[in-house]
>>> print(open('input_36.cif').read())   # mmCIF, C-alpha atoms
data_protein
#
loop_
_atom_site.group_PDB
_atom_site.id
_atom_site.type_symbol
_atom_site.label_atom_id
_atom_site.label_comp_id
_atom_site.auth_asym_id
_atom_site.auth_seq_id
_atom_site.Cartn_x
_atom_site.Cartn_y
_atom_site.Cartn_z
ATOM 1 C CA MET B 1 -35.802 2.197 -30.683
ATOM 2 C CA ASN B 2 -37.954 4.572 -32.641
ATOM 3 C CA SER B 3 -36.382 8.037 -32.776
ATOM 4 C CA ARG B 4 -39.745 9.595 -31.892
ATOM 5 C CA CYS B 5 -40.005 7.501 -28.713
ATOM 6 C CA GLN B 6 -37.829 8.831 -25.925
ATOM 7 C CA GLU B 7 -37.184 7.111 -22.635
ATOM 8 C CA LYS B 8 -38.145 9.216 -19.667
ATOM 9 C CA THR B 9 -36.502 8.490 -16.345
ATOM 10 C CA THR B 10 -38.037 9.877 -13.185
ATOM 11 C CA HIS B 11 -36.138 9.971 -9.913
ATOM 12 C CA LEU B 12 -37.973 9.964 -6.617
ATOM 13 C CA GLN B 13 -36.154 11.531 -3.662
ATOM 14 C CA ILE B 14 -37.103 9.828 -0.367
ATOM 15 C CA TRP B 15 -35.912 10.638 3.156
ATOM 16 C CA GLN B 16 -36.737 7.986 5.761
ATOM 17 C CA GLN B 17 -35.680 8.300 9.380
ATOM 18 C CA ASN B 18 -36.463 6.639 12.691
ATOM 19 C CA LEU B 19 -36.420 9.294 15.411
ATOM 20 C CA ASN B 20 -36.579 6.731 18.251
ATOM 21 C CA ALA B 21 -39.209 8.867 20.047
ATOM 22 C CA LEU B 22 -36.510 11.355 21.041
ATOM 23 C CA LYS B 23 -37.526 15.009 21.305
ATOM 24 C CA ASP B 24 -33.858 16.006 20.974
ATOM 25 C CA ALA B 25 -33.734 14.269 17.585
ATOM 26 C CA GLN B 26 -37.116 15.381 16.277
ATOM 27 C CA ILE B 27 -37.094 19.157 16.733
ATOM 28 C CA PRO B 28 -33.703 19.853 15.049
ATOM 29 C CA PHE B 29 -34.707 17.466 12.270
ATOM 30 C CA LEU B 30 -37.987 19.312 11.606
ATOM 31 C CA ASN B 31 -36.270 22.701 11.709
ATOM 32 C CA GLY B 32 -33.386 21.697 9.451
ATOM 33 C CA LEU B 33 -35.009 19.608 6.721
ATOM 34 C CA ASN B 34 -35.679 21.372 3.416
ATOM 35 C CA ALA B 35 -38.933 19.895 2.090
ATOM 36 C CA ASP B 36 -38.175 21.227 -1.409
ATOM 37 C CA ASP B 37 -35.361 18.651 -1.685
ATOM 38 C CA TRP B 38 -37.580 15.595 -1.074
ATOM 39 C CA ASP B 39 -40.654 14.074 -2.720
ATOM 40 C CA ILE B 40 -41.462 11.843 0.265
ATOM 41 C CA ILE B 41 -40.451 12.293 3.907
ATOM 42 C CA ALA B 42 -41.200 9.238 6.071
ATOM 43 C CA LEU B 43 -40.710 9.540 9.820
ATOM 44 C CA GLN B 44 -40.968 6.663 12.254
ATOM 45 C CA GLU B 45 -41.353 6.682 16.039
ATOM 46 C CA LEU B 46 -42.126 10.350 16.553
ATOM 47 C CA CYS B 47 -41.944 11.905 20.001
ATOM 48 C CA ILE B 48 -45.388 11.914 21.645
ATOM 49 C CA ASN B 49 -46.129 14.459 24.383
ATOM 50 C CA PRO B 50 -48.191 13.693 27.541
ATOM 51 C CA VAL B 51 -51.487 14.556 25.790
ATOM 52 C CA ASN B 52 -50.767 12.093 22.935
ATOM 53 C CA ASN B 53 -49.804 14.666 20.293
ATOM 54 C CA THR B 54 -46.663 14.674 18.193
ATOM 55 C CA MET B 55 -44.140 17.441 18.709
ATOM 56 C CA SER B 56 -43.802 20.072 15.987
ATOM 57 C CA THR B 57 -42.292 23.474 15.439
#
>>> encode(input="input_36.cif", output="structure tokens")
Amino acid sequence: MNSRCQEKTTHLQIWQQNLNALKDAQIPFLNGLNADDWDIIALQELCINPVNNTMST
């Protein structure tokens, strides 16, 4: 390897979670997750309220 060429390794931090459409799982999760620690946050099966909106805090 050429001494001028350096390998650069990039790490991607991903959090993926299925909330199973449970309000009791979603709200503490949203309040407790530090977005600065993750590059991608993927949530599946969010809780949907009666007017077809997701729950948020």
>>> resolve_selection(input="input_36.cif", expression="the PyMOL selection byres ((chain B and resi 12) around 8)", output="list in words")
Thr10, His11, Gln13, Ile14, Trp38, Asp39 and Ile40 of chain B
>>> closest_residue(input="input_36.cif", among="B:Asn53, B:Asn18, B:Glu7, B:Asp24", to="B:Ile41", atoms="only C-alpha atoms")
B:Asn18
>>> closest_residue(input="input_36.cif", among="B:Ala42, B:Met55, B:Lys8, B:Asp37", to="B:Leu22", atoms="all atoms listed in the file")
B:Met55
>>> closest_residue(input="input_36.cif", among="B:Leu33, B:Gln16, B:Pro28, B:Ala21", to="B:Glu45", atoms="all atoms listed in the file")
B:Ala21
>>> residues_around(input="input_36.cif", residues="B:Gln17", least_positions_apart="2", cutoff="8 Å", atoms="all atoms listed in the file", output="JSON, numbers by chain")
{"B": [15, 19, 42, 43, 44]}
